[in-house]
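Quick look at input14.cif (mmCIF, C-alpha atoms and all ligand atoms):
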data_input
#
loop_
_atom_site.label_atom_id
_atom_site.label_comp_id
_atom_site.auth_asym_id
_atom_site.auth_seq_id
_atom_site.Cartn_x
_atom_site.Cartn_y
_atom_site.Cartn_z
CA MET J 1 86.50 -20.25 27.71
CA GLY J 2 86.57 -16.76 29.27
CA HIS J 3 90.26 -16.84 30.20
CA ALA J 4 91.02 -13.48 28.59
CA LEU J 5 88.01 -11.84 30.28
CA VAL J 6 89.08 -13.18 33.68
CA HIS J 7 92.60 -11.91 32.98
CA TRP J 8 91.28 -8.42 32.11
CA GLY J 9 88.92 -8.53 35.09
CA LYS J 10 91.90 -9.04 37.40
CA GLN J 11 94.02 -6.42 35.60
CA HIS J 12 91.33 -3.73 35.44
CA PRO J 13 89.17 -3.64 38.59
CA ASP J 14 87.94 -0.17 37.56
CA TRP J 15 86.50 -1.31 34.20
CA ASN J 16 83.01 -2.68 33.50
CA LEU J 17 83.69 -5.73 31.32
CA LEU J 18 81.13 -7.51 29.16
CA GLY J 19 81.57 -10.75 27.25
CA ILE J 20 79.25 -11.90 24.48
CA ASP J 21 79.25 -15.54 23.34
CA VAL J 22 76.85 -18.29 22.38
CA TYR J 23 79.09 -21.17 23.56
CA GLN J 24 77.62 -22.35 26.86
CA PRO J 25 80.58 -24.47 28.10
CA GLY J 26 82.71 -21.33 27.69
CA ILE J 27 80.19 -19.28 29.62
CA GLY J 28 80.21 -21.87 32.42
CA SER J 29 84.00 -21.75 32.52
CA LEU J 30 83.89 -17.94 32.71
CA LEU J 31 81.37 -18.00 35.56
CA LEU J 32 83.66 -20.34 37.53
CA GLY J 33 86.60 -17.96 36.91
CA MET J 34 84.53 -14.97 38.02
CA GLU J 35 83.55 -16.72 41.22
CA ALA J 36 87.10 -17.94 41.95
CA HIS J 37 88.51 -14.42 41.63
CA ASN J 38 85.47 -12.54 42.99
CA LEU J 39 85.08 -10.50 39.81
CA VAL J 40 81.92 -8.47 40.36
CA HIS J 41 82.55 -5.97 37.53
CA LEU J 42 82.21 -8.55 34.75
CA ARG J 43 79.05 -9.68 32.90
CA ILE J 44 78.41 -12.25 30.18
CA ILE J 45 75.63 -12.07 27.58
CA ASN J 46 74.63 -15.46 26.19
CA GLU J 47 73.40 -14.16 22.82
CA GLU J 48 74.50 -13.87 19.24
CA ALA J 49 76.73 -10.77 19.03
CA SER J 50 74.94 -8.63 16.42
CA GLY J 51 71.53 -9.22 18.07
CA ALA J 52 72.97 -8.41 21.50
CA LEU J 53 74.67 -5.22 20.26
CA THR J 54 71.48 -4.10 18.51
CA GLU J 55 69.18 -4.86 21.43
CA PHE J 56 71.14 -4.09 24.58
CA PHE J 57 73.45 -1.18 23.75
CA ASP J 58 72.91 2.47 22.94
CA PRO J 59 74.92 4.26 20.25
CA ALA J 60 78.32 5.47 21.53
CA SER J 61 78.05 3.40 24.73
CA LEU J 62 81.20 1.21 24.53
CA ASP J 63 84.73 2.41 25.30
CA GLU J 64 86.35 -0.50 23.48
CA VAL J 65 85.47 -3.74 21.68
CA ARG J 66 87.84 -6.72 21.40
CA ILE J 67 87.17 -9.55 18.95
CA TYR J 68 89.98 -12.06 19.11
CA PHE J 69 90.07 -15.08 16.81
CA PRO J 70 86.51 -15.03 15.46
CA ASP J 71 85.67 -18.28 13.64
CA PRO J 72 87.47 -18.04 10.25
CA TRP J 73 85.04 -20.14 8.15
CA PRO J 74 87.75 -20.97 5.57
CA LYS J 75 85.49 -22.49 2.87
CA LYS J 76 84.26 -19.95 0.32
CA ARG J 77 80.63 -21.09 0.59
CA HIS J 78 80.83 -20.38 4.35
CA HIS J 79 82.26 -16.84 4.10
CA LYS J 80 78.77 -15.41 4.63
CA ARG J 81 78.89 -16.87 8.16
CA ARG J 82 81.93 -14.79 9.11
CA LEU J 83 81.20 -12.38 11.97
CA ILE J 84 83.14 -9.50 10.41
CA GLN J 85 80.88 -8.22 7.63
CA PRO J 86 80.17 -4.61 6.56
CA GLY J 87 76.80 -4.46 8.37
CA PHE J 88 78.21 -5.81 11.64
CA VAL J 89 81.19 -3.43 11.44
CA ALA J 90 78.81 -0.48 10.92
CA LEU J 91 76.88 -1.61 14.03
CA LEU J 92 80.13 -1.84 16.03
CA ALA J 93 81.18 1.62 14.85
CA ASP J 94 77.80 2.98 15.96
CA ARG J 95 78.04 1.44 19.45
CA ILE J 96 81.68 2.47 20.15
CA LYS J 97 82.23 5.95 21.60
CA PRO J 98 84.11 8.49 19.46
CA GLY J 99 87.80 7.89 20.18
CA GLY J 100 87.13 4.32 21.38
CA ARG J 101 89.05 1.40 19.94
CA LEU J 102 88.14 -1.81 18.10
CA LEU J 103 90.82 -4.52 18.44
CA LEU J 104 90.86 -7.81 16.55
CA ALA J 105 93.16 -10.74 15.80
CA SER J 106 93.16 -13.81 13.58
CA ASP J 107 95.57 -16.63 12.85
CA TRP J 108 93.94 -17.34 9.46
CA GLN J 109 95.62 -14.97 7.00
CA PRO J 110 92.78 -14.89 4.42
CA TYR J 111 90.32 -13.90 7.16
CA ALA J 112 92.76 -11.35 8.62
CA GLU J 113 93.00 -9.76 5.15
CA TRP J 114 89.20 -9.91 4.77
CA MET J 115 88.81 -8.13 8.14
CA LEU J 116 91.37 -5.49 7.17
CA ASP J 117 89.52 -4.83 3.91
CA VAL J 118 86.04 -4.63 5.53
CA LEU J 119 87.26 -2.44 8.42
CA ASP J 120 89.29 -0.11 6.21
CA ARG J 121 86.12 0.53 4.16
CA GLU J 122 84.10 1.65 7.22
CA LEU J 123 84.25 5.45 7.11
CA ALA J 124 83.49 5.82 10.85
CA LEU J 125 86.71 3.94 11.72
CA THR J 126 90.39 4.90 11.38
CA ASN J 127 93.04 2.20 11.04
CA LEU J 128 95.57 3.01 13.78
CA ALA J 129 98.31 1.23 11.84
CA GLY J 130 97.46 3.11 8.63
CA PRO J 131 95.11 1.98 5.82
CA GLY J 132 95.98 -1.50 4.54
CA HIS J 133 98.26 -2.27 7.49
CA PHE J 134 98.09 -4.72 10.36
CA ALA J 135 98.88 -3.56 13.90
CA GLU J 136 101.27 -4.75 16.58
CA CYS J 137 99.77 -7.06 19.20
CA ASP J 138 98.04 -4.93 21.86
CA SER J 139 100.03 -5.02 25.09
CA ASP J 140 96.85 -5.88 27.03
CA ARG J 141 96.09 -9.02 24.99
CA PRO J 142 96.91 -12.31 26.69
CA VAL J 143 97.44 -15.44 24.58
CA THR J 144 93.85 -16.68 24.18
CA ASN J 145 92.77 -20.30 24.38
CA PHE J 146 92.27 -20.54 20.62
CA GLU J 147 95.56 -18.76 19.91
CA ALA J 148 97.49 -21.21 22.12
CA ARG J 149 96.21 -24.12 20.02
CA GLY J 150 97.34 -22.35 16.85
CA GLN J 151 100.73 -21.51 18.35
CA ALA J 152 101.32 -25.20 19.05
CA LEU J 153 100.82 -25.78 15.30
CA GLY J 154 103.17 -22.90 14.38
CA PHE J 155 100.45 -20.49 13.15
CA ALA J 156 101.27 -16.78 12.81
CA VAL J 157 98.89 -14.10 14.13
CA TRP J 158 97.63 -10.89 12.51
CA ASN J 159 96.42 -8.07 14.77
CA LEU J 160 94.17 -5.15 13.81
CA ALA J 161 93.53 -1.91 15.71
CA PHE J 162 90.96 0.74 14.72
CA LYS J 163 89.67 3.91 16.34
CA ARG J 164 86.11 5.28 16.18
CA ARG J 165 86.23 8.70 14.52
C1 LIG J 201 87.38 -19.52 17.49
S1 LIG J 201 86.57 -19.13 18.99
C2 LIG J 201 87.65 -17.96 19.74
C3 LIG J 201 87.35 -17.76 21.19
C4 LIG J 201 88.32 -16.85 21.97
N1 LIG J 201 88.21 -15.46 21.54
C5 LIG J 201 89.75 -17.33 21.89
O1 LIG J 201 90.58 -16.68 21.22
O2 LIG J 201 90.07 -18.37 22.49
C6 LIG J 201 85.23 -18.12 18.41
C7 LIG J 201 84.16 -17.86 19.47
O3 LIG J 201 83.18 -16.97 18.93
C8 LIG J 201 81.90 -17.41 19.33
N2 LIG J 201 80.96 -16.89 18.32
C9 LIG J 201 80.97 -17.15 17.00
N3 LIG J 201 80.02 -16.44 16.37
C10 LIG J 201 79.39 -15.71 17.32
C11 LIG J 201 78.33 -14.78 17.30
N4 LIG J 201 77.72 -14.46 16.15
N5 LIG J 201 77.96 -14.21 18.45
C12 LIG J 201 78.57 -14.52 19.62
N6 LIG J 201 79.59 -15.40 19.70
C13 LIG J 201 80.00 -15.98 18.57
C14 LIG J 201 82.01 -18.91 19.36
O4 LIG J 201 81.01 -19.48 20.20
C15 LIG J 201 83.41 -19.11 19.94
O5 LIG J 201 83.39 -19.12 21.35
#
Please lay out the structure from this file as structure tokens.
Amino acid sequence: MGHALVHWGKQHPDWNLLGIDVYQPGIGSLLLGMEAHNLVHLRIINEEASGALTEFFDPASLDEVRIYFPDPWPKKRHHKRRLIQPGFVALLADRIKPGGRLLLASDWQPYAEWMLDVLDRELALTNLAGPGHFAECDSDRPVTNFEARGQALGFAVWNLAFKRR
């Protein structure tokens, strides 16, 4: 619903922040938050993420990418729908500046392990926690909307942090 972006917008007035999502009620909620807090350094792209990254961004143009709680698609026949796939990770690595970070989180352990495996295999990225290891929660990450729902059900969270070589 854009809560994390509004939070970062307030925390970091000197950053240019971009959200990408296809969920229009969430985009509407974000626009209301931007207006309420007069956040003029924030933009939202209403497009599918890999298409948007391919079309709108140059290589090495992003300081950091944050993907928190991507849809886990738990059923095996739906795994191909998961956002974190080798091709998408290669695209992310291409668009992030050398030294820039890629931060992720999931509360679905099998997907967290899948992400760790796919990301550890991308040669352009370094796992900041060490290969095969999850990271601590980034100090700049608020509890997201999706995470709060999981917390109420007692779900644990796995964080990942990578750096572009
Ligand atoms: C489980 S929600 C998590 C939202 C938020 N990060 C949070 O933690 O509350 C996953 C979000 O990813 C969006 N999404 C899924 N696949 C996408 C894609 N390929 N491109 C852009 N957005 C996508 C969905 O519309 C949804 O808003």
J:Trp108, J:Gly99, J:Arg66, J:Leu119: which is nearest J:Gly150, counting only C-alpha atoms? J:Trp108
Please check which protein, DNA or RNA residues sit within 10 Å of ligand LIG 201 (chain J), counting all atoms listed in the file, and write them as a VMD selection string. chain J and resid 1 to 5 19 to 27 45 to 53 66 to 73 81 to 84 88 104 to 107 142 to 150
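Atom CA of J:Leu17 lies 17.6 Å from atom CA of J:Glu55.
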Provide the atom CA of J:Pro13 to atom CA of J:His41 distance in Å, to one decimal place. 7.1 Å
Taking into account only C-alpha atoms, which residue in the set J:Leu92, J:Val65, J:Ala152, J:Ile44 is nearest to J:Glu122? J:Leu92
Given only C-alpha atoms as the basis, pick out the residue of J:Leu91, J:Gly100, J:Asp138, J:Lys163 nearest to J:Asp120. J:Lys163
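With all atoms listed in the file as the basis for measurement, J:Arg164 is the residue among J:Leu42, J:Arg164, J:Ala124, J:Arg77 that approaches J:Ser61 most closely.
If all atoms listed in the file are the atoms counted, then among J:Leu102, J:Leu30, J:Leu39, J:Ala129 the closest residue to J:Leu62 is J:Leu102.
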Separation of atom CA of J:Asp94 from atom CA of J:Ala161, in Å and rounded to one decimal: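 About the pair atom CA of J:Asp94 and atom CA of J:Ala161: they are 16.5 Å apart.
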I want to know what sits within 7 Å of J:Val118, based on all atoms listed in the file, with residues of the same chain fewer than 4 positions away left out; could you give that as an mmCIF file with C-alpha atoms, in the coordinates of the input?
data_model
loop_
_atom_site.group_PDB
_atom_site.id
_atom_site.type_symbol
_atom_site.label_atom_id
_atom_site.label_comp_id
_atom_site.auth_asym_id
_atom_site.auth_seq_id
_atom_site.Cartn_x
_atom_site.Cartn_y
_atom_site.Cartn_z
ATOM 1 C CA GLN J 85 80.880 -8.220 7.630
ATOM 2 C CA PRO J 86 80.170 -4.610 6.560
ATOM 3 C CA TRP J 114 89.200 -9.910 4.770
ATOM 4 C CA GLU J 122 84.100 1.650 7.220
#
Enclose all atoms of stretch 30-37 of chain J listed in the file in an axis-aligned box, grow every side by 5 Å, and hand back centre and edge lengths in Å to one decimal, as JSON.
{"center_x": 84.9, "center_y": -17.4, "center_z": 37.3, "size_x": 17.1, "size_y": 15.9, "size_z": 19.2}
Residues at most 7 Å from J:Leu160, counting only C-alpha atoms, excluding those fewer than 2 positions away in the same chain, as a list in words?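 Contacts, with the query itself left out: Leu103, Leu104, Ala105, Phe134, Ala135, Trp158 and Phe162 of chain J.
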Could you check the closest approach to J:Ser139 for each of J:Ala90, J:Met115, J:Lys75, J:Trp8 and tell me which residue wins, using all atoms listed in the file?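 That would be J:Trp8, the residue with the smallest distance to J:Ser139.
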Final N, CA and C atoms of stretch 13-29 of chain J as an mmCIF file, in the frame of the given file:
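That gives us rebuild05.cif:
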data_model
loop_
_atom_site.group_PDB
_atom_site.id
_atom_site.type_symbol
_atom_site.label_atom_id
_atom_site.label_comp_id
_atom_site.auth_asym_id
_atom_site.auth_seq_id
_atom_site.Cartn_x
_atom_site.Cartn_y
_atom_site.Cartn_z
ATOM 1 N N PRO J 13 90.317 -3.617 37.663
ATOM 2 C CA PRO J 13 89.170 -3.640 38.590
ATOM 3 C C PRO J 13 88.256 -2.430 38.422
ATOM 4 N N ASP J 14 88.744 -1.390 37.743
ATOM 5 C CA ASP J 14 87.940 -0.170 37.560
ATOM 6 C C ASP J 14 87.157 -0.177 36.238
ATOM 7 N N TRP J 15 87.245 -1.236 35.456
ATOM 8 C CA TRP J 15 86.500 -1.310 34.200
ATOM 9 C C TRP J 15 85.205 -2.096 34.420
ATOM 10 N N ASN J 16 84.184 -1.804 33.618
ATOM 11 C CA ASN J 16 83.010 -2.680 33.500
ATOM 12 C C ASN J 16 83.220 -3.519 32.258
ATOM 13 N N LEU J 17 83.367 -4.827 32.435
ATOM 14 C CA LEU J 17 83.690 -5.730 31.320
ATOM 15 C C LEU J 17 82.482 -6.591 30.964
ATOM 16 N N LEU J 18 82.255 -6.724 29.667
ATOM 17 C CA LEU J 18 81.130 -7.510 29.160
ATOM 18 C C LEU J 18 81.613 -8.493 28.119
ATOM 19 N N GLY J 19 81.288 -9.763 28.289
ATOM 20 C CA GLY J 19 81.570 -10.750 27.250
ATOM 21 C C GLY J 19 80.290 -11.107 26.521
ATOM 22 N N ILE J 20 80.411 -11.412 25.244
ATOM 23 C CA ILE J 20 79.250 -11.900 24.480
ATOM 24 C C ILE J 20 79.680 -13.196 23.800
ATOM 25 N N ASP J 21 78.972 -14.280 24.036
ATOM 26 C CA ASP J 21 79.250 -15.540 23.340
ATOM 27 C C ASP J 21 78.026 -16.441 23.410
ATOM 28 N N VAL J 22 77.967 -17.343 22.432
ATOM 29 C CA VAL J 22 76.850 -18.290 22.380
ATOM 30 C C VAL J 22 77.260 -19.675 22.892
ATOM 31 N N TYR J 23 78.547 -19.841 23.229
ATOM 32 C CA TYR J 23 79.090 -21.170 23.560
ATOM 33 C C TYR J 23 78.952 -21.414 25.072
ATOM 34 N N GLN J 24 77.969 -22.239 25.443
ATOM 35 C CA GLN J 24 77.620 -22.350 26.860
ATOM 36 C C GLN J 24 78.717 -22.969 27.728
ATOM 37 N N PRO J 25 79.478 -23.978 27.249
ATOM 38 C CA PRO J 25 80.580 -24.470 28.100
ATOM 39 C C PRO J 25 81.589 -23.352 28.407
ATOM 40 N N GLY J 26 81.810 -22.463 27.451
ATOM 41 C CA GLY J 26 82.710 -21.330 27.690
ATOM 42 C C GLY J 26 82.149 -20.372 28.721
ATOM 43 N N ILE J 27 80.842 -20.173 28.658
ATOM 44 C CA ILE J 27 80.190 -19.280 29.620
ATOM 45 C C ILE J 27 80.277 -19.890 31.025
ATOM 46 N N GLY J 28 80.081 -21.201 31.118
ATOM 47 C CA GLY J 28 80.210 -21.870 32.420
ATOM 48 C C GLY J 28 81.612 -21.725 32.972
ATOM 49 N N SER J 29 82.610 -21.896 32.106
ATOM 50 C CA SER J 29 84.000 -21.750 32.520
ATOM 51 C C SER J 29 84.271 -20.324 33.014
#
